[in-house]
Amino acid sequence: MRILFIVEPERKDWYDYLRKDASDTYILLWHEGKKDIPGWIRNNHFFNEIHDWNSYLTPGVLLKKIRPDRIVFFEIIDQRQIALLVKSNRVGVKTFYLEHGAAGDKKTAIERANEPHFFLKKKSKYLLTRIRRSFGRLIRSKLFYYSAVFNTNSLNSFWKYLRLPVNMLFQTPNKALANCIFQERQPYKAIVFNKPNFEQFQVYTGITEEKACFTGVPMFDKYYSNSIEPGHHILYIDHPYLEEGLFGWTKEHHKNIALTLKDFANKSKRKLYVKLHPRSNKEIWDEWHIEGEYIKIIREGDFTGMFLSSKLILGFSSSLINGFLCARKNVVLLGWHPSPRIIGNNFADTGLCHYSLSPADLDSRSQFWFVNNLAISNKEAYDKYLKAFNFPFDGKANERVLNVIKTL
């Protein structure tokens, strides 16, 4: 089977777990032109073929040349992605949306979509840069998109398809999608892992549960049945809030958190690891000079053993928190924002983790956190949690994802 992946290849954590399948041909389509494809991807043993968008004038030409049996989208936001989805649905090539997170939150998704002054702040700058650097590419992408307009099935969908790029000029992509739902841009099946992810995806697509596949979270299969005794180290999970200009983060706020972590690690004499997000800028952390005997910054690698043997995990709401709670780790959910609050899925409501709205809590509450692992002590809440966020949790979600793609 020839399976075409529309995925950012740098995010290996989104698709690496599928390496168990060696019987099919995996094809990558992500970069706009051949010159945009970095050399390291050519040596990526996951993908057997690598293609670029500019090599194909229309979705129909692309499908004819690449000949995919299945198409797996990790996002369906870009206009070329939407055009390919609509055309594929029309000609009978099965399309799948494959979730890459595990902690969807409908409320937060709506909040982030409503970015004020989007055109003036972001879109106008993007368009000016696009026109100056590659006007031809801009025209080519619009031709690709509009060539698929006649693959819609109703006049209402036809007009929405035409209107969508205009909406995207003045609204964030997700808000534009939420305000312009038509059935033809829904995938054949959406692999959404759990109910919260489904509810978030539904906001942008209008998809129904009949098209959703709840498989559990395959990235957390490795956390199943691992009997690792807790060590003494602490883990802080970083998020690129400053780098992406989210929720009012400033460099001063970032610095305050970094220095508080450093002081706490030195006073408690416990090793503290700062795990950076793939989009975090390590140069910002380096400015604060916090690394030393008791604190270390880490980024890429398989840290499963470190995660599972940690004494305490400090993290903002994210997919990783989901995995840690499934593994019954001792977690503190953070709301350490300039305006303190829990943003995203409030895992503390489950009764399985602590929460903190201020870095100052490290001094006053850490001893209580260390000796009270709520994910272990509250078994009833834990069982309820798994049913909502990662069911079944049996180490076989990977197999279920592959089964959906290959057999449905």
# chains A, B, ... in the order shown; residues from 1 in each chain; ligands from 1

$ select_by_dssp --residues "segment 55-245 of chain A" --states "helix (DSSP H, G or I)" --output "tab-separated table (two decimals) with N, CA, C and O atoms, in the first residue's frame"
chain	number	residue	atom	x	y	z
A	55	SER	N	5.70	20.69	-7.60
A	55	SER	CA	5.87	19.78	-8.73
A	55	SER	C	4.54	19.39	-9.38
A	55	SER	O	4.53	18.74	-10.42
A	59	PRO	N	-4.39	19.24	-7.77
A	59	PRO	CA	-4.52	18.02	-6.96
A	59	PRO	C	-4.70	16.77	-7.83
A	59	PRO	O	-4.20	15.70	-7.49
A	60	GLY	N	-5.41	16.92	-8.94
A	60	GLY	CA	-5.62	15.78	-9.82
A	60	GLY	C	-4.31	15.25	-10.40
A	60	GLY	O	-4.10	14.04	-10.48
A	61	VAL	N	-3.45	16.16	-10.82
A	61	VAL	CA	-2.13	15.77	-11.34
A	61	VAL	C	-1.32	15.08	-10.25
A	61	VAL	O	-0.67	14.06	-10.48
A	62	LEU	N	-1.39	15.63	-9.03
A	62	LEU	CA	-0.65	15.05	-7.91
A	62	LEU	C	-1.09	13.61	-7.65
A	62	LEU	O	-0.27	12.70	-7.50
A	63	LEU	N	-2.39	13.39	-7.61
A	63	LEU	CA	-2.90	12.05	-7.34
A	63	LEU	C	-2.53	11.08	-8.46
A	63	LEU	O	-2.22	9.91	-8.21
A	64	LYS	N	-2.54	11.57	-9.69
A	64	LYS	CA	-2.21	10.71	-10.82
A	64	LYS	C	-0.74	10.31	-10.80
A	64	LYS	O	-0.40	9.16	-11.13
A	65	LYS	N	0.14	11.23	-10.41
A	65	LYS	CA	1.58	10.97	-10.42
A	65	LYS	C	2.02	10.15	-9.20
A	65	LYS	O	2.82	9.21	-9.32
A	66	ILE	N	1.55	10.51	-8.01
A	66	ILE	CA	2.00	9.82	-6.79
A	66	ILE	C	1.26	8.51	-6.56
A	66	ILE	O	1.79	7.57	-6.00
A	79	GLN	N	-4.26	25.83	2.38
A	79	GLN	CA	-5.22	25.74	1.28
A	79	GLN	C	-4.90	24.61	0.32
A	79	GLN	O	-5.81	23.97	-0.23
A	80	ARG	N	-3.63	24.30	0.11
A	80	ARG	CA	-3.29	23.17	-0.74
A	80	ARG	C	-3.73	21.84	-0.09
A	80	ARG	O	-4.19	20.93	-0.76
A	81	GLN	N	-3.57	21.77	1.21
A	81	GLN	CA	-4.02	20.57	1.92
A	81	GLN	C	-5.52	20.39	1.74
A	81	GLN	O	-6.01	19.27	1.50
A	82	ILE	N	-6.27	21.48	1.87
A	82	ILE	CA	-7.72	21.41	1.74
A	82	ILE	C	-8.11	20.99	0.33
A	82	ILE	O	-8.99	20.15	0.13
A	83	ALA	N	-7.43	21.56	-0.67
A	83	ALA	CA	-7.74	21.21	-2.06
A	83	ALA	C	-7.47	19.73	-2.33
A	83	ALA	O	-8.27	19.05	-3.00
A	84	LEU	N	-6.36	19.23	-1.82
A	84	LEU	CA	-6.03	17.82	-2.02
A	84	LEU	C	-7.05	16.92	-1.32
A	84	LEU	O	-7.46	15.89	-1.86
A	85	LEU	N	-7.48	17.31	-0.14
A	85	LEU	CA	-8.49	16.54	0.59
A	85	LEU	C	-9.80	16.48	-0.19
A	85	LEU	O	-10.40	15.41	-0.37
A	86	VAL	N	-10.25	17.64	-0.68
A	86	VAL	CA	-11.53	17.70	-1.40
A	86	VAL	C	-11.47	16.87	-2.68
A	86	VAL	O	-12.39	16.10	-2.99
A	87	LYS	N	-10.38	17.00	-3.42
A	87	LYS	CA	-10.23	16.23	-4.66
A	87	LYS	C	-10.15	14.73	-4.37
A	87	LYS	O	-10.79	13.91	-5.06
A	88	SER	N	-9.40	14.35	-3.36
A	88	SER	CA	-9.24	12.93	-3.01
A	88	SER	C	-10.57	12.32	-2.60
A	88	SER	O	-10.91	11.20	-2.99
A	89	ASN	N	-11.34	13.06	-1.80
A	89	ASN	CA	-12.66	12.57	-1.40
A	89	ASN	C	-13.55	12.34	-2.62
A	89	ASN	O	-14.32	11.38	-2.67
A	90	ARG	N	-13.42	13.22	-3.59
A	90	ARG	CA	-14.29	13.14	-4.78
A	90	ARG	C	-13.94	11.91	-5.64
A	90	ARG	O	-14.84	11.24	-6.17
A	91	VAL	N	-12.66	11.61	-5.77
A	91	VAL	CA	-12.25	10.51	-6.66
A	91	VAL	C	-12.11	9.18	-5.93
A	91	VAL	O	-11.74	8.17	-6.53
A	106	LYS	N	-11.53	22.20	23.71
A	106	LYS	CA	-12.38	22.99	22.82
A	106	LYS	C	-12.38	24.47	23.19
A	106	LYS	O	-12.24	25.35	22.32
A	107	LYS	N	-12.48	24.78	24.46
A	107	LYS	CA	-12.56	26.17	24.92
A	107	LYS	C	-11.28	26.93	24.57
A	107	LYS	O	-11.33	28.06	24.07
A	108	THR	N	-10.12	26.32	24.84
A	108	THR	CA	-8.86	26.98	24.55
A	108	THR	C	-8.66	27.16	23.05
A	108	THR	O	-8.13	28.17	22.59
A	109	ALA	N	-9.08	26.16	22.27
A	109	ALA	CA	-8.95	26.25	20.82
A	109	ALA	C	-9.73	27.45	20.28
A	109	ALA	O	-9.24	28.18	19.42
A	110	ILE	N	-10.93	27.66	20.80
A	110	ILE	CA	-11.74	28.80	20.36
A	110	ILE	C	-11.09	30.11	20.78
A	110	ILE	O	-11.03	31.08	20.01
A	111	GLU	N	-10.53	30.14	21.99
A	111	GLU	CA	-9.88	31.36	22.48
A	111	GLU	C	-8.68	31.73	21.61
A	111	GLU	O	-8.48	32.88	21.24
A	112	ARG	N	-7.87	30.74	21.28
A	112	ARG	CA	-6.68	31.01	20.48
A	112	ARG	C	-7.03	31.39	19.05
A	112	ARG	O	-6.26	32.09	18.39
A	113	ALA	N	-8.17	30.95	18.56
A	113	ALA	CA	-8.58	31.28	17.19
A	113	ALA	C	-9.01	32.74	17.07
A	113	ALA	O	-8.92	33.33	15.99
A	118	PHE	N	-5.69	40.30	13.50
A	118	PHE	CA	-4.86	39.27	12.88
A	118	PHE	C	-4.25	39.75	11.57
A	118	PHE	O	-3.07	39.53	11.30
A	119	PHE	N	-5.04	40.43	10.73
A	119	PHE	CA	-4.52	40.85	9.42
A	119	PHE	C	-3.38	41.84	9.58
A	119	PHE	O	-2.32	41.70	8.95
A	120	LEU	N	-3.56	42.84	10.44
A	120	LEU	CA	-2.53	43.86	10.60
A	120	LEU	C	-1.28	43.31	11.27
A	120	LEU	O	-0.15	43.67	10.92
A	121	LYS	N	-1.46	42.42	12.22
A	121	LYS	CA	-0.32	41.91	12.99
A	121	LYS	C	0.47	40.84	12.26
A	121	LYS	O	1.70	40.78	12.36
A	122	LYS	N	-0.22	39.98	11.50
A	122	LYS	CA	0.48	38.82	10.93
A	122	LYS	C	0.27	38.65	9.43
A	122	LYS	O	1.22	38.52	8.67
A	123	LYS	N	-0.99	38.66	8.99
A	123	LYS	CA	-1.27	38.28	7.61
A	123	LYS	C	-0.70	39.27	6.62
A	123	LYS	O	-0.16	38.88	5.57
A	124	SER	N	-0.80	40.56	6.90
A	124	SER	CA	-0.28	41.56	5.96
A	124	SER	C	1.22	41.42	5.78
A	124	SER	O	1.74	41.53	4.66
A	125	LYS	N	1.94	41.15	6.89
A	125	LYS	CA	3.40	40.97	6.80
A	125	LYS	C	3.74	39.72	6.00
A	125	LYS	O	4.67	39.72	5.19
A	126	TYR	N	2.97	38.66	6.23
A	126	TYR	CA	3.19	37.41	5.49
A	126	TYR	C	2.98	37.64	3.99
A	126	TYR	O	3.80	37.20	3.16
A	127	LEU	N	1.90	38.34	3.63
A	127	LEU	CA	1.60	38.55	2.22
A	127	LEU	C	2.66	39.40	1.54
A	127	LEU	O	3.08	39.12	0.40
A	128	LEU	N	3.10	40.46	2.21
A	128	LEU	CA	4.15	41.32	1.63
A	128	LEU	C	5.43	40.53	1.39
A	128	LEU	O	6.07	40.66	0.34
A	129	THR	N	5.81	39.71	2.38
A	129	THR	CA	7.00	38.88	2.22
A	129	THR	C	6.84	37.88	1.09
A	129	THR	O	7.74	37.67	0.28
A	130	ARG	N	5.66	37.30	1.02
A	130	ARG	CA	5.36	36.29	-0.01
A	130	ARG	C	5.43	36.91	-1.40
A	130	ARG	O	5.98	36.32	-2.33
A	131	ILE	N	4.86	38.09	-1.56
A	131	ILE	CA	4.84	38.76	-2.86
A	131	ILE	C	6.25	39.18	-3.28
A	131	ILE	O	6.66	39.02	-4.43
A	132	ARG	N	7.03	39.71	-2.31
A	132	ARG	CA	8.37	40.16	-2.63
A	132	ARG	C	9.28	39.00	-3.03
A	132	ARG	O	10.08	39.11	-3.95
A	133	ARG	N	9.18	37.91	-2.30
A	133	ARG	CA	10.13	36.81	-2.49
A	133	ARG	C	9.72	35.80	-3.56
A	133	ARG	O	10.58	35.25	-4.25
A	134	SER	N	8.43	35.54	-3.66
A	134	SER	CA	8.02	34.47	-4.58
A	134	SER	C	6.57	34.66	-5.02
A	134	SER	O	5.70	33.88	-4.66
A	135	PHE	N	6.33	35.70	-5.82
A	135	PHE	CA	4.98	35.96	-6.30
A	135	PHE	C	4.48	34.79	-7.14
A	135	PHE	O	3.30	34.43	-7.11
A	136	GLY	N	5.39	34.17	-7.90
A	136	GLY	CA	5.02	33.02	-8.73
A	136	GLY	C	4.50	31.86	-7.90
A	136	GLY	O	3.53	31.19	-8.29
A	137	ARG	N	5.13	31.62	-6.74
A	137	ARG	CA	4.68	30.54	-5.86
A	137	ARG	C	3.29	30.84	-5.31
A	137	ARG	O	2.46	29.94	-5.15
A	138	LEU	N	3.04	32.11	-5.02
A	138	LEU	CA	1.73	32.51	-4.50
A	138	LEU	C	0.64	32.21	-5.53
A	138	LEU	O	-0.41	31.63	-5.20
A	139	ILE	N	0.90	32.60	-6.78
A	139	ILE	CA	-0.07	32.35	-7.84
A	139	ILE	C	-0.27	30.85	-8.04
A	139	ILE	O	-1.39	30.36	-8.20
A	140	ARG	N	0.83	30.12	-7.98
A	140	ARG	CA	0.77	28.67	-8.20
A	140	ARG	C	-0.09	27.99	-7.12
A	140	ARG	O	-0.88	27.09	-7.40
A	141	SER	N	0.07	28.45	-5.87
A	141	SER	CA	-0.70	27.84	-4.79
A	141	SER	C	-2.19	28.13	-4.94
A	141	SER	O	-3.04	27.27	-4.64
A	142	LYS	N	-2.54	29.34	-5.42
A	142	LYS	CA	-3.96	29.68	-5.62
A	142	LYS	C	-4.55	28.88	-6.77
A	142	LYS	O	-5.71	28.43	-6.70
A	143	LEU	N	-3.77	28.67	-7.83
A	143	LEU	CA	-4.25	27.84	-8.94
A	143	LEU	C	-4.52	26.42	-8.47
A	143	LEU	O	-5.52	25.80	-8.85
A	144	PHE	N	-3.63	25.90	-7.63
A	144	PHE	CA	-3.80	24.55	-7.08
A	144	PHE	C	-5.09	24.48	-6.28
A	144	PHE	O	-5.88	23.53	-6.44
A	145	TYR	N	-5.32	25.48	-5.45
A	145	TYR	CA	-6.52	25.47	-4.60
A	145	TYR	C	-7.79	25.57	-5.42
A	145	TYR	O	-8.70	24.74	-5.30
A	146	TYR	N	-7.87	26.59	-6.28
A	146	TYR	CA	-9.12	26.84	-6.99
A	146	TYR	C	-9.41	25.81	-8.07
A	146	TYR	O	-10.56	25.68	-8.51
A	149	VAL	N	-12.27	23.44	-7.01
A	149	VAL	CA	-13.56	23.97	-6.56
A	149	VAL	C	-14.74	23.19	-7.13
A	149	VAL	O	-15.79	23.05	-6.49
A	150	PHE	N	-14.59	22.63	-8.32
A	150	PHE	CA	-15.71	21.92	-8.94
A	150	PHE	C	-15.86	20.49	-8.42
A	150	PHE	O	-16.69	19.72	-8.91
A	151	ASN	N	-15.06	20.13	-7.42
A	151	ASN	CA	-15.21	18.84	-6.76
A	151	ASN	C	-16.12	18.91	-5.54
A	151	ASN	O	-16.27	17.93	-4.82
A	155	LEU	N	-24.10	23.76	-4.26
A	155	LEU	CA	-23.85	25.18	-4.52
A	155	LEU	C	-23.38	25.87	-3.25
A	155	LEU	O	-22.50	26.74	-3.28
A	156	ASN	N	-23.94	25.47	-2.11
A	156	ASN	CA	-23.53	26.05	-0.84
A	156	ASN	C	-22.05	25.77	-0.57
A	156	ASN	O	-21.29	26.67	-0.19
A	157	SER	N	-21.62	24.53	-0.78
A	157	SER	CA	-20.20	24.18	-0.58
A	157	SER	C	-19.32	24.91	-1.59
A	157	SER	O	-18.21	25.33	-1.27
A	158	PHE	N	-19.81	25.04	-2.82
A	158	PHE	CA	-19.07	25.73	-3.87
A	158	PHE	C	-18.73	27.15	-3.45
A	158	PHE	O	-17.57	27.59	-3.56
A	159	TRP	N	-19.72	27.89	-2.93
A	159	TRP	CA	-19.48	29.27	-2.53
A	159	TRP	C	-18.60	29.35	-1.29
A	159	TRP	O	-17.76	30.25	-1.17
A	160	LYS	N	-18.75	28.41	-0.37
A	160	LYS	CA	-17.89	28.40	0.82
A	160	LYS	C	-16.44	28.11	0.44
A	160	LYS	O	-15.50	28.69	1.00
A	161	TYR	N	-16.26	27.20	-0.53
A	161	TYR	CA	-14.91	26.89	-0.99
A	161	TYR	C	-14.26	28.13	-1.60
A	161	TYR	O	-13.09	28.43	-1.34
A	162	LEU	N	-15.01	28.85	-2.41
A	162	LEU	CA	-14.49	30.07	-3.02
A	162	LEU	C	-14.15	31.13	-1.97
A	162	LEU	O	-13.16	31.86	-2.08
A	163	ARG	N	-14.99	31.20	-0.94
A	163	ARG	CA	-14.85	32.26	0.07
A	163	ARG	C	-13.74	32.01	1.07
A	163	ARG	O	-13.21	32.95	1.68
A	164	LEU	N	-13.39	30.76	1.31
A	164	LEU	CA	-12.47	30.42	2.40
A	164	LEU	C	-11.15	31.17	2.35
A	164	LEU	O	-10.70	31.70	3.37
A	165	PRO	N	-10.44	31.27	1.20
A	165	PRO	CA	-9.18	32.02	1.19
A	165	PRO	C	-9.35	33.49	1.56
A	165	PRO	O	-8.44	34.09	2.16
A	166	VAL	N	-10.49	34.07	1.21
A	166	VAL	CA	-10.75	35.47	1.59
A	166	VAL	C	-10.90	35.57	3.11
A	166	VAL	O	-10.36	36.47	3.75
A	167	ASN	N	-11.65	34.63	3.71
A	167	ASN	CA	-11.79	34.61	5.16
A	167	ASN	C	-10.43	34.50	5.84
A	167	ASN	O	-10.18	35.11	6.88
A	168	MET	N	-9.54	33.70	5.25
A	168	MET	CA	-8.23	33.47	5.85
A	168	MET	C	-7.33	34.69	5.80
A	168	MET	O	-6.32	34.75	6.51
A	169	LEU	N	-7.68	35.65	4.98
A	169	LEU	CA	-6.92	36.91	4.96
A	169	LEU	C	-7.10	37.70	6.25
A	169	LEU	O	-6.18	38.35	6.73
A	170	PHE	N	-8.31	37.63	6.80
A	170	PHE	CA	-8.66	38.51	7.91
A	170	PHE	C	-8.88	37.78	9.23
A	170	PHE	O	-9.07	38.41	10.26
A	173	PRO	N	-6.38	31.04	10.68
A	173	PRO	CA	-6.84	29.90	9.87
A	173	PRO	C	-7.93	29.08	10.54
A	173	PRO	O	-8.93	28.71	9.90
A	174	ASN	N	-7.77	28.80	11.84
A	174	ASN	CA	-8.77	27.96	12.51
A	174	ASN	C	-10.11	28.66	12.66
A	174	ASN	O	-11.16	28.02	12.60
A	175	LYS	N	-10.08	29.97	12.88
A	175	LYS	CA	-11.35	30.70	12.96
A	175	LYS	C	-12.04	30.72	11.60
A	175	LYS	O	-13.26	30.54	11.50
A	176	ALA	N	-11.25	30.91	10.54
A	176	ALA	CA	-11.82	30.90	9.19
A	176	ALA	C	-12.44	29.55	8.88
A	176	ALA	O	-13.53	29.47	8.30
A	177	LEU	N	-11.76	28.48	9.28
A	177	LEU	CA	-12.29	27.14	9.04
A	177	LEU	C	-13.57	26.90	9.83
A	177	LEU	O	-14.53	26.31	9.33
A	178	ALA	N	-13.59	27.35	11.09
A	178	ALA	CA	-14.77	27.17	11.93
A	178	ALA	C	-15.98	27.91	11.38
A	178	ALA	O	-17.12	27.49	11.57
A	183	GLN	N	-19.01	19.92	4.09
A	183	GLN	CA	-18.77	18.49	4.28
A	183	GLN	C	-17.59	17.97	3.46
A	183	GLN	O	-16.88	17.06	3.87
A	184	GLU	N	-17.35	18.56	2.30
A	184	GLU	CA	-16.33	18.02	1.40
A	184	GLU	C	-14.92	18.14	1.96
A	184	GLU	O	-14.01	17.43	1.48
A	185	ARG	N	-14.70	18.99	2.94
A	185	ARG	CA	-13.34	19.06	3.51
A	185	ARG	C	-13.21	18.28	4.81
A	185	ARG	O	-12.26	18.45	5.55
A	195	LYS	N	-11.97	11.68	23.37
A	195	LYS	CA	-13.12	12.58	23.24
A	195	LYS	C	-12.72	14.06	23.22
A	195	LYS	O	-13.24	14.83	22.41
A	196	PRO	N	-11.84	14.54	24.13
A	196	PRO	CA	-11.46	15.96	24.06
A	196	PRO	C	-10.85	16.36	22.72
A	196	PRO	O	-11.13	17.43	22.20
A	197	ASN	N	-10.03	15.49	22.13
A	197	ASN	CA	-9.46	15.79	20.82
A	197	ASN	C	-10.55	15.86	19.75
A	197	ASN	O	-10.53	16.72	18.87
A	198	PHE	N	-11.51	14.95	19.84
A	198	PHE	CA	-12.62	14.96	18.89
A	198	PHE	C	-13.40	16.27	18.98
A	198	PHE	O	-13.73	16.89	17.96
A	199	GLU	N	-13.70	16.70	20.20
A	199	GLU	CA	-14.49	17.93	20.38
A	199	GLU	C	-13.76	19.14	19.83
A	199	GLU	O	-14.38	20.05	19.27
A	200	GLN	N	-12.42	19.16	19.97
A	200	GLN	CA	-11.65	20.28	19.43
A	200	GLN	C	-11.65	20.24	17.90
A	200	GLN	O	-11.85	21.26	17.24
A	201	PHE	N	-11.43	19.07	17.31
A	201	PHE	CA	-11.40	18.93	15.86
A	201	PHE	C	-12.77	19.24	15.26
A	201	PHE	O	-12.88	19.78	14.15
A	202	GLN	N	-13.82	18.92	15.99
A	202	GLN	CA	-15.18	19.15	15.52
A	202	GLN	C	-15.47	20.64	15.33
A	202	GLN	O	-16.25	21.03	14.44
A	203	VAL	N	-14.83	21.50	16.13
A	203	VAL	CA	-15.03	22.94	16.02
A	203	VAL	C	-14.68	23.44	14.63
A	203	VAL	O	-15.36	24.30	14.07
A	204	TYR	N	-13.62	22.88	14.03
A	204	TYR	CA	-13.12	23.37	12.74
A	204	TYR	C	-13.73	22.65	11.54
A	204	TYR	O	-13.63	23.14	10.42
A	205	THR	N	-14.31	21.47	11.78
A	205	THR	CA	-14.74	20.65	10.65
A	205	THR	C	-16.21	20.28	10.66
A	205	THR	O	-16.75	19.92	9.61
A	209	GLU	N	-19.38	11.93	15.16
A	209	GLU	CA	-18.70	10.79	15.79
A	209	GLU	C	-18.65	9.58	14.86
A	209	GLU	O	-17.78	8.72	15.03
A	210	GLU	N	-19.54	9.49	13.89
A	210	GLU	CA	-19.52	8.36	12.96
A	210	GLU	C	-18.22	8.32	12.16
A	210	GLU	O	-17.78	7.25	11.72
A	211	LYS	N	-17.63	9.47	11.97
A	211	LYS	CA	-16.38	9.54	11.20
A	211	LYS	C	-15.14	9.53	12.11
A	211	LYS	O	-14.01	9.59	11.61
A	218	PRO	N	-1.29	6.51	20.80
A	218	PRO	CA	-0.18	5.60	20.49
A	218	PRO	C	1.17	6.06	21.02
A	218	PRO	O	2.02	5.23	21.34
A	219	MET	N	1.37	7.38	21.14
A	219	MET	CA	2.65	7.87	21.66
A	219	MET	C	2.88	7.45	23.11
A	219	MET	O	4.00	7.48	23.59
A	220	PHE	N	1.80	7.04	23.79
A	220	PHE	CA	1.93	6.65	25.20
A	220	PHE	C	1.97	5.15	25.39
A	220	PHE	O	1.95	4.66	26.52
A	221	ASP	N	2.01	4.39	24.31
A	221	ASP	CA	2.14	2.94	24.44
A	221	ASP	C	3.37	2.57	25.26
A	221	ASP	O	3.36	1.62	26.04
A	222	LYS	N	4.44	3.34	25.08
A	222	LYS	CA	5.70	3.03	25.77
A	222	LYS	C	5.61	3.28	27.28
A	222	LYS	O	6.48	2.84	28.04
A	223	TYR	N	4.57	3.98	27.73
A	223	TYR	CA	4.40	4.22	29.15
A	223	TYR	C	3.61	3.10	29.84
A	223	TYR	O	3.47	3.09	31.05

$ select_by_dssp --residues "segment 217-344 of chain A" --states "strand (DSSP E)" --output "PyMOL selection string"
chain A and resi 234-237+272-275+295-298+312-315+331-334

$ closest_residue --among "A:Leu352, A:Ala381, A:Cys213, A:Met1" --to "Val192 of chain A" --atoms "only C-alpha atoms"
A:Cys213

$ residues_around --residues "Asn256 of chain A" --least-positions-apart "3" --cutoff "12 Å" --atoms "only C-alpha atoms" --output "list in words"
Trp249, Thr250, Lys251, Glu252, His253, Leu259, Thr260, Leu261, Lys262, Asp263, Trp285, Trp288, Ile290, Trp336, His337, Pro338, Ser358, Pro359 and Ala360 of chain A

$ closest_residue --among "A:Cys353, A:Ala148, A:Ile27, A:Leu386" --to "Asn372 of chain A" --atoms "only C-alpha atoms"
A:Cys353

$ residues_around --residues "segment 14-22 of chain A" --least-positions-apart "4" --cutoff "7 Å" --atoms "only C-alpha atoms" --output "list in words"
Phe46, His100, Met219 and Asn398 of chain A

$ write_last_selection --atoms "N, CA, C and O atoms" --output "PDB file, in the first residue's frame"
ATOM      1  N   PHE A  46      12.289   6.539   7.368  1.00  0.00           N
ATOM      2  CA  PHE A  46      10.845   6.337   7.478  1.00  0.00           C
ATOM      3  C   PHE A  46      10.170   6.488   6.114  1.00  0.00           C
ATOM      4  O   PHE A  46       9.287   5.715   5.755  1.00  0.00           O
ATOM      5  N   HIS A 100      -2.145  14.514  16.428  1.00  0.00           N
ATOM      6  CA  HIS A 100      -0.763  14.470  16.906  1.00  0.00           C
ATOM      7  C   HIS A 100      -0.640  14.989  18.330  1.00  0.00           C
ATOM      8  O   HIS A 100       0.457  15.122  18.849  1.00  0.00           O
ATOM      9  N   MET A 219       1.369   7.377  21.143  1.00  0.00           N
ATOM     10  CA  MET A 219       2.647   7.872  21.662  1.00  0.00           C
ATOM     11  C   MET A 219       2.878   7.447  23.109  1.00  0.00           C
ATOM     12  O   MET A 219       4.002   7.478  23.594  1.00  0.00           O
ATOM     13  N   ASN A 398      -0.998   1.922  18.954  1.00  0.00           N
ATOM     14  CA  ASN A 398      -0.262   1.944  17.693  1.00  0.00           C
ATOM     15  C   ASN A 398      -0.886   0.981  16.689  1.00  0.00           C
ATOM     16  O   ASN A 398      -1.134   1.334  15.523  1.00  0.00           O
TER      17      ASN A 398
END

$ closest_residue --among "A:Ile6, A:Leu334, A:Ser147, A:Ile71" --to "Leu57 of chain A" --atoms "only C-alpha atoms"
A:Ser147

$ atom_distance --atom1 "atom CA of Tyr56 of chain A" --atom2 "atom CA of Cys180 of chain A"
26.2 Å

$ residues_around --residues "Arg299 of chain A" --least-positions-apart "3" --cutoff "9 Å" --atoms "only C-alpha atoms" --output "list in words"
Val274, Lys275, Leu276, His277, Pro278, Ser280 and Lys282 of chain A

$ closest_residue --among "A:Gly248, A:Cys326, A:Asn54, A:Ser318" --to "Gly33 of chain A" --atoms "only C-alpha atoms"
A:Asn54

$ residues_around --residues "Pro392 of chain A" --least-positions-apart "5" --cutoff "8 Å" --atoms "only C-alpha atoms" --output "MDAnalysis selection string"
chainID A and resid 215:216 386:387 397

$ write_last_selection --atoms "N, CA and C atoms" --output "mmCIF file, in the first residue's frame"
data_model
loop_
_atom_site.group_PDB
_atom_site.id
_atom_site.type_symbol
_atom_site.label_atom_id
_atom_site.label_comp_id
_atom_site.auth_asym_id
_atom_site.auth_seq_id
_atom_site.Cartn_x
_atom_site.Cartn_y
_atom_site.Cartn_z
ATOM 1 N N THR A 215 -8.824 5.603 19.331
ATOM 2 C CA THR A 215 -7.877 4.482 19.382
ATOM 3 C C THR A 215 -7.070 4.418 20.668
ATOM 4 N N GLY A 216 -7.162 5.450 21.530
ATOM 5 C CA GLY A 216 -6.162 5.617 22.568
ATOM 6 C C GLY A 216 -4.965 6.342 21.961
ATOM 7 N N LEU A 386 -8.920 7.501 32.436
ATOM 8 C CA LEU A 386 -8.495 6.722 31.272
ATOM 9 C C LEU A 386 -9.617 6.601 30.252
ATOM 10 N N LYS A 387 -10.836 6.429 30.702
ATOM 11 C CA LYS A 387 -11.959 6.280 29.781
ATOM 12 C C LYS A 387 -12.181 7.545 28.954
ATOM 13 N N ALA A 397 -2.344 0.939 21.162
ATOM 14 C CA ALA A 397 -2.968 2.003 20.367
ATOM 15 C C ALA A 397 -2.305 2.119 18.996
#

$ atom_distance --atom1 "atom CA of Tyr273 of chain A" --atom2 "atom CA of Asn390 of chain A"
26.4 Å

$ closest_residue --among "A:Met306, A:Glu32, A:Ile191, A:Tyr97" --to "Asn403 of chain A" --atoms "only C-alpha atoms"
A:Ile191

$ residues_around --residues "Leu325 of chain A" --least-positions-apart "3" --cutoff "10 Å" --atoms "only C-alpha atoms" --output "ChimeraX atom specification"
/A:223,320-322,328-331,347,352-353,374-376,382,385-386,389

$ atom_distance --atom1 "atom CA of Arg270 of chain A" --atom2 "atom CA of His232 of chain A"
6.6 Å

$ closest_residue --among "A:Ile257, A:Leu362, A:Ile237, A:Ala348" --to "Gly315 of chain A" --atoms "only C-alpha atoms"
A:Ile237
